[in-house]
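Okay, start-v3.cif now, which holds mmCIF, C-alpha atoms:
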data_coords
#
loop_
_atom_site.label_atom_id
_atom_site.label_comp_id
_atom_site.auth_asym_id
_atom_site.auth_seq_id
_atom_site.Cartn_x
_atom_site.Cartn_y
_atom_site.Cartn_z
CA MET A 1 18.77 -2.13 141.18
CA ALA A 2 21.14 -4.58 139.63
CA ARG A 3 21.52 -2.38 136.48
CA ALA A 4 22.56 0.68 138.53
CA GLU A 5 25.29 -1.28 140.25
CA GLU A 6 26.40 -2.56 136.85
CA ASP A 7 26.65 0.99 135.48
CA GLU A 8 28.66 2.16 138.44
CA GLY A 9 31.19 -0.59 137.97
CA ARG A 10 31.61 0.18 134.25
CA ALA A 11 34.90 2.07 133.34
CA PRO A 12 35.01 5.55 131.65
CA PRO A 13 35.38 5.73 127.86
CA ASN A 14 38.98 6.94 127.94
CA GLY A 15 40.03 4.06 130.14
CA THR A 16 40.55 6.13 133.30
CA GLU A 17 38.46 6.24 136.40
CA ARG A 18 37.12 9.63 137.38
CA SER A 19 37.30 10.75 140.92
CA ASP A 20 34.58 12.29 143.02
CA ASP A 21 36.20 15.72 142.62
CA ASP A 22 35.98 15.42 138.86
CA ARG A 23 32.33 14.57 139.09
CA SER A 24 31.63 17.49 141.34
CA GLU A 25 33.55 19.77 139.03
CA GLU A 26 31.53 18.66 136.07
CA GLY A 27 28.32 19.22 137.87
CA SER A 28 29.28 22.64 139.29
CA PHE A 29 28.61 25.99 137.53
CA ASP A 30 31.40 28.64 137.15
CA PRO A 31 29.90 32.14 136.53
CA GLY A 32 33.24 33.57 135.39
CA ARG A 33 33.62 31.03 132.68
CA SER A 34 32.43 31.90 129.21
CA ASP A 35 29.46 30.12 127.80
CA ASP A 36 31.51 29.10 124.80
CA SER A 37 34.29 27.59 126.87
CA GLY A 38 32.75 24.21 127.32
CA SER A 39 30.10 24.04 124.61
CA THR A 40 31.49 21.35 122.36
CA GLY A 41 34.49 19.13 122.16
CA GLU A 42 35.46 20.60 118.81
CA GLU A 43 35.95 24.07 120.31
CA LYS A 44 38.12 22.63 123.08
CA SER A 45 40.38 20.96 120.62
CA GLY A 46 40.86 24.32 118.78
CA GLY A 47 42.50 26.02 121.82
CA ASP A 48 45.91 24.32 121.33
CA LYS A 49 49.04 26.70 121.06
CA LYS A 50 50.41 27.65 117.54
CA PRO A 51 54.18 27.11 116.77
CA SER A 52 56.48 30.22 117.24
CA PRO A 53 57.48 32.10 114.02
CA LEU A 54 61.08 32.21 115.28
CA LYS A 55 61.27 28.43 114.74
CA LYS A 56 60.80 28.94 111.02
CA THR A 57 63.98 28.63 108.94
CA TRP A 58 63.50 31.66 106.74
CA VAL A 59 62.85 33.92 109.76
CA LYS A 60 66.04 32.74 111.40
CA GLY A 61 67.96 33.41 108.19
CA LEU A 62 66.50 36.87 107.89
CA LEU A 63 67.46 37.75 111.45
CA VAL A 64 70.98 36.49 110.89
CA LEU A 65 71.28 38.63 107.75
CA LEU A 66 69.99 41.67 109.61
CA GLY A 67 72.47 41.12 112.42
CA LEU A 68 75.33 40.77 109.97
CA ALA A 69 74.21 43.95 108.18
CA VAL A 70 74.12 45.85 111.48
CA LEU A 71 77.58 44.58 112.41
CA VAL A 72 79.04 45.42 108.99
CA GLY A 73 77.36 48.85 108.93
CA GLY A 74 78.51 49.63 112.46
CA GLY A 75 82.03 48.52 111.59
CA ILE A 76 82.12 50.67 108.45
CA TRP A 77 80.73 53.65 110.36
CA GLY A 78 83.23 53.16 113.18
CA PHE A 79 86.13 52.80 110.74
CA ARG A 80 85.08 55.91 108.83
CA TYR A 81 84.63 57.86 112.05
CA TRP A 82 88.05 56.85 113.31
CA THR A 83 89.83 57.63 110.04
CA VAL A 84 87.77 60.58 108.77
CA GLY A 85 84.83 61.63 110.91
CA ARG A 86 86.74 62.62 114.03
CA PHE A 87 88.90 64.98 111.96
CA ILE A 88 85.92 66.80 110.39
CA GLN A 89 85.15 69.92 112.44
CA GLU A 90 81.66 71.25 111.80
CA THR A 91 79.77 74.31 112.95
CA ASN A 92 76.50 75.95 112.04
CA ASP A 93 77.54 79.26 113.60
CA ALA A 94 78.71 80.56 110.23
CA TYR A 95 77.41 83.23 107.87
CA VAL A 96 78.19 84.62 104.45
CA GLN A 97 79.94 87.98 104.72
CA ALA A 98 81.17 90.76 102.42
CA ASP A 99 83.24 93.88 102.99
CA GLN A 100 80.52 96.32 102.02
CA VAL A 101 81.33 100.00 101.52
CA ALA A 102 79.19 102.79 102.96
CA ILE A 103 78.74 105.53 100.36
CA SER A 104 78.85 109.08 101.72
CA PRO A 105 79.53 112.48 100.12
CA GLN A 106 82.61 114.46 101.10
CA VAL A 107 80.86 117.82 100.69
CA SER A 108 77.67 119.32 102.02
CA GLY A 109 74.72 120.40 99.93
CA TYR A 110 71.41 119.39 98.42
CA VAL A 111 71.20 116.11 96.53
CA ALA A 112 70.69 116.96 92.87
CA THR A 113 70.38 113.53 91.23
CA VAL A 114 70.30 109.85 92.23
CA PRO A 115 70.81 107.90 88.98
CA VAL A 116 70.69 104.45 90.64
CA VAL A 117 67.96 102.39 92.27
CA ALA A 118 67.98 99.89 95.11
CA ASN A 119 69.58 96.49 94.41
CA GLN A 120 71.10 97.73 91.15
CA ILE A 121 74.41 96.27 90.02
CA VAL A 122 77.05 98.99 89.58
CA THR A 123 80.65 99.07 88.38
CA ALA A 124 83.64 100.80 89.89
CA GLY A 125 83.55 104.52 89.07
CA GLN A 126 79.85 104.63 88.23
CA VAL A 127 77.98 107.75 89.38
CA LEU A 128 75.71 107.02 92.34
CA ALA A 129 74.55 110.53 93.28
CA THR A 130 75.35 114.21 92.71
CA VAL A 131 75.28 117.20 95.04
CA ASP A 132 74.40 120.73 93.87
CA ASP A 133 77.78 122.18 92.85
CA GLY A 134 76.91 125.88 92.27
CA GLN A 135 78.70 127.15 95.36
CA TYR A 136 81.73 125.00 94.63
CA ARG A 137 82.04 126.38 91.12
CA ALA A 138 81.93 129.91 92.52
CA LYS A 139 84.58 129.01 95.08
CA LEU A 140 86.79 127.61 92.35
CA ALA A 141 86.53 130.87 90.36
CA GLN A 142 87.35 132.86 93.50
CA GLN A 143 90.43 130.79 94.20
CA GLN A 144 91.55 131.15 90.60
CA ALA A 145 91.30 134.95 90.96
CA GLN A 146 93.39 134.71 94.10
CA VAL A 147 96.06 132.92 92.09
CA ASP A 148 96.08 135.70 89.52
CA ALA A 149 96.39 138.34 92.24
CA ARG A 150 99.26 136.55 93.94
CA GLN A 151 101.04 136.12 90.62
CA ALA A 152 100.78 139.91 90.12
CA ASP A 153 102.35 140.38 93.56
CA VAL A 154 105.23 138.16 92.49
CA ALA A 155 105.74 140.20 89.33
CA ARG A 156 105.74 143.44 91.32
CA ALA A 157 108.22 142.06 93.87
CA GLU A 158 110.51 140.84 91.10
CA ALA A 159 110.32 144.28 89.43
CA ASP A 160 111.22 145.95 92.73
CA LEU A 161 114.20 143.63 92.99
CA VAL A 162 115.36 144.54 89.48
CA ARG A 163 114.93 148.25 90.21
CA GLN A 164 116.87 147.90 93.42
CA GLN A 165 119.67 146.22 91.53
CA ALA A 166 119.75 149.21 89.17
CA GLN A 167 119.91 151.55 92.14
CA ILE A 168 122.85 149.59 93.48
CA ASP A 169 124.62 149.96 90.16
CA GLN A 170 123.89 153.68 90.17
CA ALA A 171 125.21 154.04 93.71
CA LYS A 172 128.37 152.19 92.79
CA ALA A 173 128.85 154.54 89.82
CA GLN A 174 128.46 157.52 92.15
CA VAL A 175 131.05 155.98 94.45
CA ALA A 176 133.44 155.62 91.56
CA ALA A 177 132.89 159.24 90.45
CA SER A 178 133.34 160.60 93.94
CA GLN A 179 136.50 158.53 94.37
CA VAL A 180 137.97 160.13 91.21
CA THR A 181 137.11 163.62 92.52
CA ALA A 182 138.57 162.81 95.92
CA LYS A 183 141.73 161.48 94.30
CA PHE A 184 142.12 164.64 92.25
CA SER A 185 141.66 166.79 95.34
CA ALA A 186 144.27 164.77 97.19
CA GLU A 187 146.73 165.28 94.29
CA GLN A 188 146.10 169.00 94.38
CA VAL A 189 146.92 169.11 98.07
CA ARG A 190 150.07 167.07 97.48
CA ARG A 191 151.26 169.44 94.69
CA TYR A 192 150.50 172.71 96.50
CA LYS A 193 151.92 171.62 99.81
CA PRO A 194 155.60 172.16 98.76
CA LEU A 195 154.75 175.42 97.04
CA ALA A 196 153.09 176.77 100.17
CA ALA A 197 156.04 175.67 102.26
CA SER A 198 158.51 177.49 99.94
CA GLY A 199 156.38 180.63 99.78
CA ALA A 200 155.75 180.24 96.06
CA ASP A 201 152.05 180.07 96.72
CA THR A 202 149.77 181.13 99.52
CA VAL A 203 148.81 178.99 102.51
CA GLU A 204 145.17 179.97 102.05
CA LYS A 205 145.04 178.25 98.69
CA LEU A 206 146.55 175.08 100.21
CA ASP A 207 143.93 175.12 102.92
CA GLN A 208 141.24 175.52 100.31
CA TYR A 209 142.48 172.41 98.45
CA LYS A 210 142.61 170.46 101.72
CA SER A 211 139.02 171.37 102.56
CA GLN A 212 137.86 170.37 99.12
CA ALA A 213 139.72 167.02 99.36
CA GLU A 214 138.10 166.26 102.68
CA GLN A 215 134.64 167.06 101.26
CA ASN A 216 135.25 164.79 98.29
CA GLN A 217 136.39 161.97 100.58
CA ALA A 218 133.27 162.42 102.69
CA GLN A 219 131.15 162.16 99.57
CA VAL A 220 132.89 158.90 98.75
CA ASP A 221 131.94 157.57 102.18
CA VAL A 222 128.33 158.67 101.70
CA ASN A 223 128.08 156.96 98.32
CA GLN A 224 129.58 153.77 99.71
CA ALA A 225 127.02 153.79 102.54
CA GLN A 226 124.27 154.17 99.95
CA VAL A 227 125.63 151.14 98.11
CA GLN A 228 125.61 149.08 101.29
CA SER A 229 122.08 150.19 102.11
CA ALA A 230 120.87 149.31 98.63
CA GLU A 231 122.54 145.90 98.79
CA LYS A 232 120.86 145.18 102.14
CA GLN A 233 117.49 146.00 100.64
CA VAL A 234 118.07 143.29 98.04
CA ALA A 235 117.68 140.57 100.69
CA SER A 236 114.40 142.13 101.83
CA LEU A 237 113.13 142.32 98.25
CA LYS A 238 114.15 138.71 97.61
CA ALA A 239 112.21 137.68 100.72
CA ALA A 240 109.22 139.63 99.38
CA VAL A 241 109.50 137.73 96.09
CA THR A 242 109.63 134.42 97.96
CA GLN A 243 106.64 135.43 100.07
CA ALA A 244 104.70 136.40 96.97
CA LYS A 245 105.52 133.06 95.34
CA ALA A 246 104.40 131.25 98.49
CA ALA A 247 101.15 133.17 98.33
CA VAL A 248 100.76 131.97 94.74
CA ASP A 249 101.30 128.38 95.86
CA GLN A 250 98.76 128.85 98.62
CA ALA A 251 96.25 130.24 96.16
CA ARG A 252 96.90 127.34 93.81
CA ALA A 253 96.33 124.92 96.70
CA GLY A 254 93.02 126.68 97.25
CA VAL A 255 92.22 126.13 93.58
CA THR A 256 93.09 122.45 93.94
CA GLN A 257 90.87 122.14 97.01
CA ALA A 258 88.03 123.95 95.27
CA ARG A 259 88.40 121.67 92.26
CA LEU A 260 88.38 118.62 94.56
CA ASP A 261 85.23 119.86 96.25
CA LEU A 262 83.68 120.32 92.85
CA ASP A 263 84.68 116.79 91.85
CA HIS A 264 83.42 115.40 95.18
CA ALA A 265 80.01 116.82 94.40
CA VAL A 266 79.73 113.78 92.13
CA VAL A 267 79.58 110.63 94.29
CA LYS A 268 81.01 107.59 92.52
CA SER A 269 81.19 103.94 93.44
CA PRO A 270 84.66 102.91 94.64
CA ILE A 271 84.05 99.21 93.92
CA ALA A 272 81.88 96.99 91.79
CA GLY A 273 78.89 95.47 93.50
CA ARG A 274 75.21 95.88 94.21
CA VAL A 275 73.48 98.92 95.70
CA GLY A 276 71.79 98.33 99.04
CA ASP A 277 70.30 100.37 101.90
CA LEU A 278 69.56 103.28 99.54
CA THR A 279 68.38 106.29 101.57
CA ALA A 280 69.38 109.19 99.29
CA ARG A 281 66.53 111.32 97.94
CA ILE A 282 66.57 114.21 95.49
CA GLY A 283 66.38 117.54 97.34
CA GLN A 284 67.69 116.06 100.59
CA TYR A 285 70.28 118.20 102.35
CA VAL A 286 73.28 116.12 103.35
CA GLN A 287 76.36 116.83 105.37
CA GLY A 288 79.76 115.38 104.64
CA SER A 289 79.93 111.71 105.67
CA THR A 290 76.14 111.32 105.62
CA ARG A 291 75.34 107.70 104.70
CA LEU A 292 73.47 107.62 101.40
CA MET A 293 73.68 103.94 100.47
CA ALA A 294 75.93 100.90 100.58
CA VAL A 295 77.66 98.96 97.84
CA VAL A 296 78.02 95.24 98.52
CA PRO A 297 80.71 93.37 96.54
CA VAL A 298 78.63 90.28 95.85
CA GLU A 299 81.44 88.85 93.71
CA ASP A 300 83.88 88.91 96.64
CA LEU A 301 82.06 87.01 99.36
CA TYR A 302 83.58 84.98 102.16
CA ILE A 303 82.35 83.03 105.17
CA GLU A 304 82.94 83.90 108.80
CA ALA A 305 82.71 80.64 110.77
CA ASN A 306 82.78 80.88 114.57
CA TYR A 307 84.41 77.68 115.78
CA LYS A 308 84.72 76.60 119.39
CA GLU A 309 88.18 76.81 120.86
CA THR A 310 88.09 73.03 121.25
CA GLN A 311 87.75 72.59 117.47
CA ILE A 312 90.66 74.62 116.10
CA GLY A 313 93.54 72.52 117.43
CA LEU A 314 94.20 70.89 114.06
CA MET A 315 92.94 73.68 111.80
CA ARG A 316 95.45 75.20 109.41
CA VAL A 317 95.30 77.78 106.62
CA GLY A 318 94.58 76.11 103.29
CA GLN A 319 92.65 73.11 104.58
CA PRO A 320 89.66 72.03 102.44
CA VAL A 321 86.19 73.05 103.52
CA THR A 322 82.74 71.75 102.62
CA ILE A 323 79.99 74.38 102.82
CA ALA A 324 76.29 73.64 103.01
CA VAL A 325 74.20 76.74 102.35
CA ASP A 326 70.64 76.76 103.58
CA ALA A 327 69.56 78.65 100.49
CA LEU A 328 71.23 76.07 98.20
CA SER A 329 69.86 72.72 99.27
CA SER A 330 70.75 71.05 95.97
CA HIS A 331 74.55 70.98 96.29
CA ASP A 332 77.43 71.94 98.58
CA LEU A 333 80.20 74.42 97.91
CA LYS A 334 83.93 73.89 98.25
CA GLY A 335 86.36 76.28 99.88
CA ARG A 336 89.58 76.74 101.82
CA VAL A 337 90.50 78.11 105.22
CA ALA A 338 91.85 81.61 104.53
CA SER A 339 92.82 83.01 107.94
CA PHE A 340 92.15 83.02 111.67
CA SER A 341 91.10 85.95 113.79
CA PRO A 342 93.87 87.30 116.09
CA GLY A 343 91.47 87.02 119.03
CA THR A 344 88.22 85.47 120.10
CA GLY A 345 84.95 87.24 119.50
CA ALA A 346 84.77 88.31 123.14
CA GLN A 347 88.06 90.20 122.83
CA PHE A 348 86.68 92.49 120.14
CA ALA A 349 83.36 93.10 121.85
CA LEU A 350 82.37 96.63 122.79
CA ILE A 351 82.73 95.72 126.46
CA PRO A 352 85.17 92.78 126.76
CA PRO A 353 84.43 90.43 129.67
CA GLU A 354 86.51 90.77 132.82
CA ASN A 355 87.32 87.24 133.94
CA ALA A 356 89.42 88.22 136.95
CA THR A 357 86.37 88.25 139.20
CA GLY A 358 85.12 86.09 142.04
CA ASN A 359 82.08 84.84 140.13
CA PHE A 360 84.04 83.48 137.16
CA THR A 361 82.33 80.82 135.04
CA LYS A 362 84.26 79.12 132.27
CA ILE A 363 82.56 79.48 128.91
CA VAL A 364 83.80 77.90 125.71
CA GLN A 365 85.03 80.73 123.51
CA ARG A 366 84.61 80.94 119.76
CA VAL A 367 87.28 81.94 117.26
CA PRO A 368 86.23 83.56 113.95
CA VAL A 369 87.69 81.66 111.00
CA ARG A 370 87.56 83.25 107.56
CA ILE A 371 86.86 80.88 104.67
CA ARG A 372 87.11 81.61 100.97
CA PHE A 373 84.99 79.62 98.56
CA LYS A 374 84.15 79.25 94.91
CA ALA A 375 80.66 79.34 93.48
CA GLY A 376 79.17 79.22 90.01
CA GLY A 377 77.13 81.88 88.32
CA GLU A 378 73.79 80.48 89.39
CA ALA A 379 74.92 80.16 93.00
CA ARG A 380 76.22 83.73 92.95
CA LYS A 381 72.75 84.96 92.12
CA VAL A 382 71.48 83.53 95.40
CA LEU A 383 74.43 84.11 97.72
CA ILE A 384 74.19 87.36 99.66
CA PRO A 385 75.76 88.49 102.95
CA GLY A 386 73.99 87.24 106.04
CA LEU A 387 72.98 83.79 104.80
CA SER A 388 73.38 80.90 107.23
CA VAL A 389 75.74 78.08 106.30
CA VAL A 390 77.09 74.89 107.83
CA VAL A 391 80.86 74.62 107.50
CA SER A 392 82.89 71.40 107.76
CA VAL A 393 86.70 71.65 107.82
CA ASP A 394 88.79 68.58 106.99
CA THR A 395 91.72 68.69 109.44
CA ARG A 396 93.34 65.38 108.46
CA GLY A 397 96.22 67.21 106.80
CA ALA A 398 97.40 68.55 110.15
CA ARG A 399 97.45 65.13 111.83
CA ASP A 400 100.93 64.23 110.55
CA ASP A 401 102.23 67.70 111.38
CA GLN A 402 101.05 67.35 114.95
CA GLU A 403 102.73 63.95 115.29
CA GLU A 404 106.00 65.42 113.98
CA ASP A 405 105.71 68.33 116.40
CA ASP A 406 105.12 65.91 119.28
CA GLU A 407 108.21 63.90 118.31
CA GLU A 408 110.35 67.05 118.10
CA ALA A 409 108.99 68.22 121.43
CA ASP A 410 109.90 64.88 123.03
CA GLU A 411 113.43 65.03 121.65
CA THR A 412 114.06 68.59 122.82
CA LYS A 413 112.19 68.41 126.10
CA VAL A 414 113.84 70.10 129.10
CA SER A 415 112.92 70.31 132.75
CA GLU A 416 110.04 72.55 133.78
CA ALA A 417 112.28 74.76 135.92
CA GLY A 418 112.29 77.45 133.25
CA PRO A 419 114.82 79.00 130.84
CA GLY A 420 118.41 78.06 131.55
CA ALA A 421 117.51 74.86 133.40
CA GLN A 422 119.60 71.75 133.04
CA PRO A 423 118.42 69.31 130.33
CA THR A 424 116.95 66.01 131.34
CA GLN A 425 118.70 62.68 130.85
CA ARG A 426 116.45 61.95 127.89
CA THR A 427 117.57 65.17 126.21
CA ARG A 428 121.23 64.32 126.84
CA ASN A 429 120.71 60.94 125.23
CA ALA A 430 118.95 62.50 122.27
CA LYS A 431 121.80 64.99 121.76
CA ALA A 432 124.41 62.27 122.12
CA ARG A 433 122.61 60.14 119.58
CA PRO A 434 124.47 60.22 116.18
#
Entire entry expressed as structure tokens:
Amino acid sequence: MARAEEDEGRAPPNGTERSDDDRSEEGSFDPGRSDDSGSTGEEKSGGDKKPSPLKKTWVKGLLVLLGLAVLVGGGIWGFRYWTVGRFIQETNDAYVQADQVAISPQVSGYVATVPVVANQIVTAGQVLATVDDGQYRAKLAQQQAQVDARQADVARAEADLVRQQAQIDQAKAQVAASQVTAKFSAEQVRRYKPLAASGADTVEKLDQYKSQAEQNQAQVDVNQAQVQSAEKQVASLKAAVTQAKAAVDQARAGVTQARLDLDHAVVKSPIAGRVGDLTARIGQYVQGSTRLMAVVPVEDLYIEANYKETQIGLMRVGQPVTIAVDALSSHDLKGRVASFSPGTGAQFALIPPENATGNFTKIVQRVPVRIRFKAGGEARKVLIPGLSVVVSVDTRGARDDQEEDDEEADETKVSEAGPGAQPTQRTRNAKARP
């Protein structure tokens, strides 16, 4: 009994007195607590918190370096964007194009030969196909015969003109002869008239000479009328000669047309390029303008880039262009802005949109921009019309021009009342400035 009281009055090992709650807690059982939670004192001492890695010096240094790198990189990116990036206009709505030529015959007939194959490289003037030319050769011979016939008509008309000229000369000679006879008859009348008046000769003989003189004068008139008639026929014969010569020219034109048709029976390539879309077959009957194939000038390619209307404000002809071709992932191509379309793509559509309607919705329009580029021999082997490209135009060269235009516009600015309005005070000051 005395030992129990002595134990109760003894202090705990750690120098602190435990309360009744602590004793009850030690003696109680917690089902949610793990069996390992209070097994040994060594395990309890192992549950202390570890120091944070952020308190380590090298981690802090690394984070500082990363922050500085982000700040420097962001600054460089922002500077480059402000000086270069915002002036680079890019679009992926761009394709390689070429002004291909559709090959068609100008005459009708059966295809005789097709000496080319699909995708073959051809030169300008090379034969692509031929049409059976038998009928055109016959037509040429017929037209040549027409020329010969018309030339014979010209010769006959010219001979008639020469003969008519001889008839005129003959008629004039008859006029001259009849005039001599009429003159002699008139002299006879003049000589016998005094004799008949004096009674030395008979009146009947004088009347006979008068009648003969009148007949001779009438013959002179007849011959002169024949001369006039013959001279008038000369104009008609000359017109016949001209008509015959015109017929010769017409026949020669027919010969020229027949020769052209014969030449057109041979279809030649107008440009150098590569054969594509070959549909011609031997024995096929074709009409004029029937599409047989196409020749693509693969050496004269360009790019049609469709830029938004919000991107072309600083674009100018001649600005440098960087071209990324999907088919050439190894390197980019360089080019220049060649020209701008005179209208947006919607303006040249088959059915242009009518915006003056009640249900109008504003849509950003696109402007076709033509770009010329240079490519090496290996790239040319891959580049064909229709390939997709990404085009980036450097518009920094137009920045100074725009600033100069803005300054000129400020100096010459007038009121918004329209043409003929009075200049503003600012304009007066600018004009008065020396």
**Request:** Check which residues satisfy the PyMOL selection byres ((chain A and resi 297) around 8) in the file shown, then give them as a ChimeraX atom specification.
**Result:** /A:98-100,271-274,295-296,298-301
Best match for closeness to Asp277 in chain A among A:Asn223, A:Ile103, A:Tyr81, A:Leu71, counting all atoms listed in the file:
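Smallest distance to Asp277 in chain A is found for A:Ile103.
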Item to check | Chain and number of each residue from the PyMOL selection byres ((chain A and resi 278-287) around 8), as a ChimeraX atom specification | outcome: /A:105-114,117-118,275-277,288-294
Can you list, as a ChimeraX atom specification, every protein, DNA or RNA residue that comes within 10 Å of range 341-349 of chain A when you count all atoms listed in the file, leaving out same-chain residues fewer than 6 positions away? /A:304,306-309,365-370
Interface rows for range 196-259 of chain A against range 162-182 of chain A: nearest pair, Å to one decimal, 8 Å, all atoms listed in the file, as JSON lines:
{"residue": "A:Ala213", "atom": "CA", "partner": "A:Ala182", "partner_atom": "CA", "distance": 5.6}
{"residue": "A:Glu214", "atom": "CA", "partner": "A:Ala182", "partner_atom": "CA", "distance": 7.6}
{"residue": "A:Gln215", "atom": "CA", "partner": "A:Ala182", "partner_atom": "CA", "distance": 7.9}
{"residue": "A:Asn216", "atom": "CA", "partner": "A:Ala182", "partner_atom": "CA", "distance": 4.5}
{"residue": "A:Gln217", "atom": "CA", "partner": "A:Ala182", "partner_atom": "CA", "distance": 5.2}
{"residue": "A:Gln219", "atom": "CA", "partner": "A:Ser178", "partner_atom": "CA", "distance": 6.2}
{"residue": "A:Val220", "atom": "CA", "partner": "A:Ser178", "partner_atom": "CA", "distance": 5.1}
{"residue": "A:Asp221", "atom": "CA", "partner": "A:Val175", "partner_atom": "CA", "distance": 7.9}
{"residue": "A:Asn223", "atom": "CA", "partner": "A:Val175", "partner_atom": "CA", "distance": 5.0}
{"residue": "A:Gln224", "atom": "CA", "partner": "A:Val175", "partner_atom": "CA", "distance": 5.9}
{"residue": "A:Gln226", "atom": "CA", "partner": "A:Ala171", "partner_atom": "CA", "distance": 6.3}
{"residue": "A:Val227", "atom": "CA", "partner": "A:Ala171", "partner_atom": "CA", "distance": 5.3}
{"residue": "A:Ala230", "atom": "CA", "partner": "A:Ile168", "partner_atom": "CA", "distance": 5.5}
{"residue": "A:Glu231", "atom": "CA", "partner": "A:Ile168", "partner_atom": "CA", "distance": 6.5}
{"residue": "A:Gln233", "atom": "CA", "partner": "A:Gln164", "partner_atom": "CA", "distance": 7.5}
{"residue": "A:Val234", "atom": "CA", "partner": "A:Gln164", "partner_atom": "CA", "distance": 6.6}
As a check of understanding: the span from CA of Pro352 in chain A to CA of Tyr95 in chain A is 22.5 Å
